[in-house]
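File shown here: target.txt, holding compact mmCIF, C-alpha atoms.
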# COMPACT_ATOMS: atom_id res chain seq x y z
CA TRP A 1 0.00 0.00 0.00
CA TYR A 2 0.95 3.66 -0.21
CA ARG A 3 -0.69 6.98 0.53
CA ALA A 4 -0.33 10.62 -0.33
CA THR A 5 -0.03 11.91 3.24
CA SER A 6 -0.05 10.39 6.70
CA SER A 7 -3.71 11.30 7.05
CA SER A 8 -4.91 10.16 3.62
CA PRO A 9 -6.37 6.72 2.82
CA MET A 10 -4.11 3.77 2.10
CA VAL A 11 -3.96 2.76 -1.57
CA ALA A 12 -3.80 -0.96 -2.31
CA TYR A 13 -1.20 -2.02 -4.87
CA ASP A 14 -3.34 -4.96 -5.99
CA SER A 15 -6.20 -2.61 -6.83
CA TYR A 16 -4.39 0.32 -8.45
CA GLY A 17 -1.07 -1.25 -9.46
CA TYR A 18 2.50 -0.14 -8.90
CA LEU A 19 3.87 3.19 -10.07
CA TYR A 20 7.19 2.94 -11.95
CA ASN A 21 9.78 5.37 -13.16
CA TYR A 22 10.75 5.01 -16.81
CA ALA A 23 13.85 2.91 -16.15
CA GLY A 24 11.85 0.56 -13.97
CA ALA A 25 9.04 0.29 -16.51
CA ILE A 26 11.29 -0.77 -19.36
CA LYS A 27 13.69 -2.66 -17.03
CA ALA A 28 16.77 -0.91 -18.37
CA VAL A 29 19.09 1.87 -17.20
CA PHE A 30 21.08 3.70 -19.88
CA SER A 31 24.31 5.55 -19.30
CA ASN A 32 23.64 8.19 -21.95
CA THR A 33 20.93 9.75 -24.09
CA ALA A 34 21.98 7.95 -27.26
CA ALA A 35 21.54 4.55 -25.61
CA ARG A 36 18.13 5.51 -24.25
CA LEU A 37 16.97 6.71 -27.67
CA ALA A 38 18.26 3.55 -29.32
CA ASN A 39 16.11 1.48 -26.98
CA SER A 40 12.92 3.48 -27.39
CA SER A 41 10.23 2.54 -29.88
CA ASN A 42 7.27 3.99 -31.74
CA THR A 43 6.58 0.89 -33.80
CA ILE A 44 3.44 -1.25 -33.72
CA PRO A 45 4.04 -3.40 -31.75
CA SER A 46 6.71 -1.66 -29.70
CA GLY A 47 8.76 -4.82 -29.19
CA ILE A 48 9.75 -3.73 -25.65
CA ARG A 49 8.67 -6.17 -22.97
CA GLY A 50 9.97 -4.15 -20.01
CA ILE A 51 8.26 -4.99 -16.74
CA CYS A 52 5.51 -6.95 -18.51
CA PRO A 53 5.26 -10.74 -18.25
CA ASP A 54 6.37 -13.03 -21.06
CA GLY A 55 4.10 -12.67 -24.09
CA TRP A 56 3.21 -9.04 -23.30
CA HIS A 57 4.83 -5.66 -23.96
CA ILE A 58 4.64 -1.97 -23.08
CA PRO A 59 2.75 -0.12 -25.84
CA SER A 60 4.34 2.57 -27.95
CA LEU A 61 2.86 6.00 -28.63
CA GLY A 62 1.64 4.59 -31.94
CA GLU A 63 -0.19 1.73 -30.23
CA PHE A 64 -1.86 4.01 -27.70
CA SER A 65 -2.81 6.39 -30.50
CA THR A 66 -4.45 3.50 -32.37
CA LEU A 67 -6.50 2.70 -29.26
CA ILE A 68 -7.60 6.33 -28.91
CA LEU A 69 -8.55 6.50 -32.60
CA ASN A 70 -10.69 3.39 -32.24
CA LEU A 71 -12.47 4.99 -29.28
CA ASP A 72 -13.63 7.88 -31.50
CA GLY A 73 -10.77 10.24 -30.75
CA SER A 74 -8.89 11.80 -27.86
CA SER A 75 -11.70 14.16 -26.83
CA VAL A 76 -14.01 11.33 -25.71
CA ALA A 77 -11.71 8.30 -25.29
CA GLY A 78 -10.96 9.00 -21.63
CA GLN A 79 -14.57 8.69 -20.56
CA LYS A 80 -14.81 5.33 -22.33
CA MET A 81 -11.61 4.09 -20.65
CA LYS A 82 -12.37 5.04 -17.03
CA THR A 83 -14.12 2.74 -14.60
CA THR A 84 -17.67 3.61 -13.61
CA GLY A 85 -18.80 4.92 -10.24
CA THR A 86 -16.90 6.85 -7.58
CA THR A 87 -14.72 4.15 -6.03
CA ASP A 88 -11.74 4.71 -8.35
CA TRP A 89 -12.41 8.34 -9.29
CA VAL A 90 -13.45 11.40 -7.30
CA SER A 91 -16.97 12.26 -8.41
CA ASN A 92 -17.21 14.99 -11.02
CA SER A 93 -20.43 15.63 -12.91
CA SER A 94 -18.60 16.89 -16.01
CA SER A 95 -16.88 13.57 -16.61
CA VAL A 96 -18.28 10.25 -15.46
CA GLY A 97 -16.52 7.11 -16.66
CA THR A 98 -18.54 4.63 -18.72
CA ASN A 99 -15.82 2.02 -19.34
CA THR A 100 -17.51 1.00 -22.59
CA SER A 101 -14.04 0.12 -23.92
CA GLY A 102 -13.37 -2.38 -21.13
CA PHE A 103 -10.03 -0.68 -20.43
CA SER A 104 -10.98 -0.14 -16.76
CA ALA A 105 -8.61 2.75 -16.02
CA LYS A 106 -8.42 3.70 -12.34
CA GLY A 107 -7.23 6.96 -10.78
CA ALA A 108 -3.91 5.54 -9.59
CA GLY A 109 -2.24 8.94 -9.22
CA ILE A 110 1.43 9.72 -9.95
CA ILE A 111 4.70 10.23 -8.12
CA ASN A 112 6.30 13.56 -8.91
CA GLY A 113 9.73 13.80 -7.36
CA THR A 114 9.20 12.32 -3.90
CA SER A 115 5.52 13.24 -3.66
CA PHE A 116 2.61 10.90 -4.35
CA MET A 117 -0.35 12.88 -5.64
CA ASN A 118 -3.60 12.88 -7.61
CA TRP A 119 -4.94 9.58 -6.30
CA ARG A 120 -8.46 9.09 -7.76
CA LEU A 121 -7.93 12.37 -9.65
CA ALA A 122 -5.69 11.25 -12.51
CA THR A 123 -3.68 8.39 -13.94
CA TYR A 124 -0.85 8.26 -16.47
CA TYR A 125 0.44 5.36 -18.56
CA PHE A 126 3.97 5.07 -19.90
CA THR A 127 4.71 4.48 -23.57
CA THR A 128 8.00 3.32 -25.06
CA THR A 129 8.28 6.43 -27.24
CA LEU A 130 10.60 9.30 -26.34
CA TYR A 131 10.13 12.94 -27.26
CA SER A 132 12.93 14.39 -29.32
CA ASN A 133 13.47 18.16 -29.26
CA SER A 134 16.84 19.54 -28.22
CA ASN A 135 15.25 22.92 -27.42
CA SER A 136 12.81 21.44 -24.91
CA SER A 137 13.36 20.60 -21.26
CA PHE A 138 11.47 17.36 -22.01
CA ASP A 139 13.92 16.27 -24.69
CA ASN A 140 14.34 12.46 -24.58
CA CYS A 141 11.55 12.08 -22.03
CA PRO A 142 8.83 9.46 -22.56
CA PHE A 143 5.35 10.17 -23.80
CA LEU A 144 2.57 9.22 -21.39
CA PHE A 145 -1.18 9.05 -21.84
CA GLY A 146 -3.22 10.65 -19.10
CA LEU A 147 -6.79 10.60 -17.84
CA SER A 148 -8.44 12.91 -15.34
CA ASN A 149 -11.59 12.83 -13.21
CA THR A 150 -12.60 16.20 -14.69
CA GLN A 151 -12.04 15.43 -18.39
CA ASN A 152 -13.51 13.05 -20.95
CA SER A 153 -10.31 13.16 -22.96
CA CYS A 154 -7.24 10.95 -23.09
CA LEU A 155 -4.24 12.96 -24.19
CA SER A 156 -0.52 12.36 -24.57
CA SER A 157 1.69 14.35 -22.23
CA LEU A 158 5.34 14.72 -21.21
CA TYR A 159 6.94 14.50 -17.79
CA ALA A 160 10.52 14.35 -16.58
CA LEU A 161 12.20 10.96 -16.41
CA GLY A 162 11.76 10.74 -12.64
CA ILE A 163 7.96 10.66 -12.82
CA GLY A 164 6.26 7.61 -11.32
CA ALA A 165 3.42 6.37 -13.49
CA SER A 166 1.38 3.30 -14.34
CA VAL A 167 2.09 0.65 -16.96
CA ARG A 168 -0.60 -1.07 -19.03
CA CYS A 169 0.79 -4.18 -20.69
CA LEU A 170 -0.40 -5.17 -24.16
CA ARG A 171 -0.53 -8.79 -25.20
CA ASP A 172 1.74 -9.76 -28.07
CA ASN A 173 -0.06 -10.60 -31.29
CA THR A 174 1.37 -14.06 -31.86
CA ASP A 175 0.10 -16.32 -34.62
CA ALA A 176 -1.13 -19.80 -33.77
CA THR A 177 0.86 -22.80 -34.96
CA LEU A 178 -0.65 -26.26 -35.31
CA THR A 179 1.75 -29.19 -35.10
CA THR A 180 0.45 -32.65 -36.01
CA THR A 181 1.85 -36.16 -36.01
CA GLU A 182 1.94 -38.05 -39.29
CA SER A 183 -0.81 -40.55 -39.95
CA ASP A 184 -0.03 -44.19 -40.67
CA PRO A 185 0.26 -44.42 -44.48
CA HIS A 186 -0.62 -48.12 -44.30
CA ALA A 187 -3.82 -47.64 -42.31
CA TYR A 188 -6.87 -48.71 -44.27
CA SER A 189 -10.01 -47.70 -42.41
CA SER A 190 -8.70 -45.60 -39.52
CA THR A 191 -5.63 -43.83 -38.20
CA VAL A 192 -4.58 -41.70 -35.24
CA ILE A 193 -3.34 -38.11 -35.58
CA THR A 194 -2.44 -35.86 -32.65
CA GLY A 195 -2.43 -32.05 -32.92
CA THR A 196 -1.01 -29.37 -30.61
CA VAL A 197 -1.69 -25.63 -30.89
CA THR A 198 1.05 -23.24 -29.73
CA GLY A 199 1.83 -19.54 -29.90
CA THR A 200 -1.55 -18.04 -29.02
CA PRO A 201 -3.70 -17.56 -25.90
CA ILE A 202 -6.11 -20.39 -25.11
CA SER A 203 -9.06 -17.98 -25.03
CA SER A 204 -8.57 -17.08 -28.71
CA ILE A 205 -8.97 -20.69 -29.94
CA VAL A 206 -12.65 -21.29 -30.69
CA GLU A 207 -12.37 -24.45 -32.79
CA ARG A 208 -9.72 -26.86 -34.01
CA GLY A 209 -9.61 -30.18 -35.83
CA PHE A 210 -8.52 -32.15 -38.91
CA CYS A 211 -9.72 -32.34 -42.48
CA TYR A 212 -9.71 -35.81 -44.07
CA SER A 213 -10.76 -37.53 -47.25
CA ASP A 214 -10.61 -41.01 -48.75
CA VAL A 215 -10.31 -39.45 -52.20
CA ASN A 216 -8.22 -36.26 -52.03
CA VAL A 217 -4.55 -36.41 -51.10
CA ASN A 218 -4.72 -32.87 -49.69
CA PRO A 219 -8.15 -32.58 -48.06
CA THR A 220 -9.64 -29.20 -47.21
CA ALA A 221 -12.56 -27.92 -45.19
CA CYS A 222 -14.74 -28.85 -48.16
CA ASN A 223 -14.12 -32.51 -47.36
CA SER A 224 -14.87 -34.33 -44.12
CA ILE A 225 -13.93 -32.47 -40.91
CA TYR A 226 -13.23 -33.71 -37.41
CA THR A 227 -13.52 -30.96 -34.80
CA SER A 228 -12.37 -30.87 -31.20
CA VAL A 229 -13.09 -28.59 -28.26
CA ASN A 230 -11.35 -25.24 -27.94
CA GLY A 231 -8.03 -24.78 -26.16
CA THR A 232 -4.39 -25.53 -26.89
CA ASN A 233 -3.84 -28.88 -25.21
CA PRO A 234 -3.07 -31.86 -27.49
CA PHE A 235 -6.09 -33.38 -29.22
CA THR A 236 -6.55 -36.63 -31.15

Could you rewrite the structure in this file as C-alpha cells?
Amino acid sequence: WYRATSSSPMVAYDSYGYLYNYAGAIKAVFSNTAARLANSSNTIPSGIRGICPDGWHIPSLGEFSTLILNLDGSSVAGQKMKTTGTTDWVSNSSSVGTNTSGFSAKGAGIINGTSFMNWRLATYYFTTTLYSNSNSSFDNCPFLFGLSNTQNSCLSSLYALGIGASVRCLRDNTDATLTTTESDPHAYSSTVITGTVTGTPISSIVERGFCYSDVNVNPTACNSIYTSVNGTNPFT
C-alpha cells in the first residue's frame, strides 16, 4: 500500500497497481541519451517487454494512438476508458466514466519527485516512445497518456524521467501454430493423428480439428472435418 499523506487513505497495490519510473518500466538503465533513444520505440508493436510478463509488452505512442482512434478520438476516449462509479475516481459531474471500452482505467495517481499525488484524480500510462526536441526541457523524455476525473479526454503528455506512473501491458499478437503427427500411411479404415496448438492464448482458440478424405490427397474444409473442443492442449 501507499498513501499521499499520513492522514490520507491507504492505496492498495493490488487494486491500483504499482507506479514505476521510466527505467523501472522498461527494465533498463542507460548511461547516456543515445543509448536511451536507441532502446525506445514507436513501432506497432513496440517490441519492448519491459516490466511486462512473457508474451506481453509496453505499448508505444503509436499503439496508444491507435487505441484512442478506435475509441472515437482523444476528446471522448478517456470517458470510455475510465471505470464507472466513484470508487476509483473522485466524483465529477462533467466527466463520469462509462468504461464502454473495457479498459478499466483507475485513478492511480502519480509520483512527482518524492511526492505521491492525484490519487483518484488522474492516472498516467507510460509508452516506449521518447520525445525528441533539443530545445525542450522534455527532450528524450517518454510520452505518457493521461486521464483525469474532470475530463472526458485521453491525451498524450510529457513529464521528466523521474515521474512515477502506471504501466498497461499489451498482449503480443502471436500467430497460432498447429503441429500434427503423421498418420499411418498403411492404415486402411482408420488412423490416429495428434495435434497441438502453440503460440496463441487459449481464449482465442474457438475451434480446431482435422480435415480428411478417402479421395483427395490434400483434403480441405470442403471434405470431411473432425472438430475438437477449444483450447491448446493436445487433441486426437

Can I get the residues of stretch 76-102 of chain A within 8 Å of stretch 146-168 of chain A, each with the closest pair of atoms and their distance in Å to one decimal, using only C-alpha atoms, sorted chain first then ascending number, as CSV?
residue,atom,partner,partner_atom,distance
A:Val76,CA,A:Ser153,CA,5.0
A:Ala77,CA,A:Ser153,CA,5.6
A:Gly78,CA,A:Ser153,CA,4.4
A:Gln79,CA,A:Asn152,CA,4.5
A:Lys80,CA,A:Asn152,CA,7.9
A:Lys82,CA,A:Leu147,CA,7.9
A:Trp89,CA,A:Asn149,CA,6.0
A:Val90,CA,A:Asn149,CA,6.4
A:Ser91,CA,A:Asn149,CA,7.2
A:Asn92,CA,A:Thr150,CA,6.0
A:Ser94,CA,A:Thr150,CA,6.2
A:Ser95,CA,A:Thr150,CA,5.4
A:Val96,CA,A:Asn149,CA,7.5
A:Gly97,CA,A:Asn152,CA,7.9

If we count all atoms listed in the file, what is near stretch 25-42 of chain A at a cut-off of 12 Å, once residues fewer than 4 positions away on the same chain are taken out, given as number ranges by chain? A: 18-21, 46-53, 57-66, 125-132, 134, 139-143, 161-169

Could you tell me how far atom CA of A:Arg208 lies from atom CA of A:Asp54, in Å and to one decimal?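 Separation between atom CA of A:Arg208 and atom CA of A:Asp54: 24.9 Å.
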
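Atom CA of A:Asn118 lies 24.1 Å from atom CA of A:Leu67.
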
What does the distance from atom CA of A:Leu178 to atom CA of A:Val197 come to in Å, to one decimal?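 Straight-line distance from atom CA of A:Leu178 to atom CA of A:Val197 works out to 4.6 Å.
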
Could you tell me which of A:Asp172, A:Asn112, A:Thr83, A:Leu121 comes closest to A:Thr98 if we count all atoms listed in the file?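 Looking at the shortest contact to A:Thr98, the residue is A:Thr83.
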
Pick out the closest residue to A:Trp119 from this set: A:Asn135, A:Thr87, A:Thr100, A:Asn216. Count all atoms listed in the file. A:Thr87

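Candidate residues A:Gly113, A:Gly73, A:Gly195, A:Gly24 were compared for distance to A:Gly209, and the nearest is A:Gly195, using all atoms listed in the file.
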
Let me make sure I understand: among A:Ala105, A:Val217, A:Ala122, A:Val192, which one has the smallest atom-to-atom distance to A:Ser15 if we use only C-alpha atoms?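 Looking only at the distances to A:Ser15, the closest residue turns out to be A:Ala105.
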
Nearest residue to A:Tyr22 out of A:Ile44, A:Phe116, A:Gly55, A:Ile111, using all atoms listed in the file?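 Residue with the minimum atom-to-atom distance to A:Tyr22: A:Ile111.
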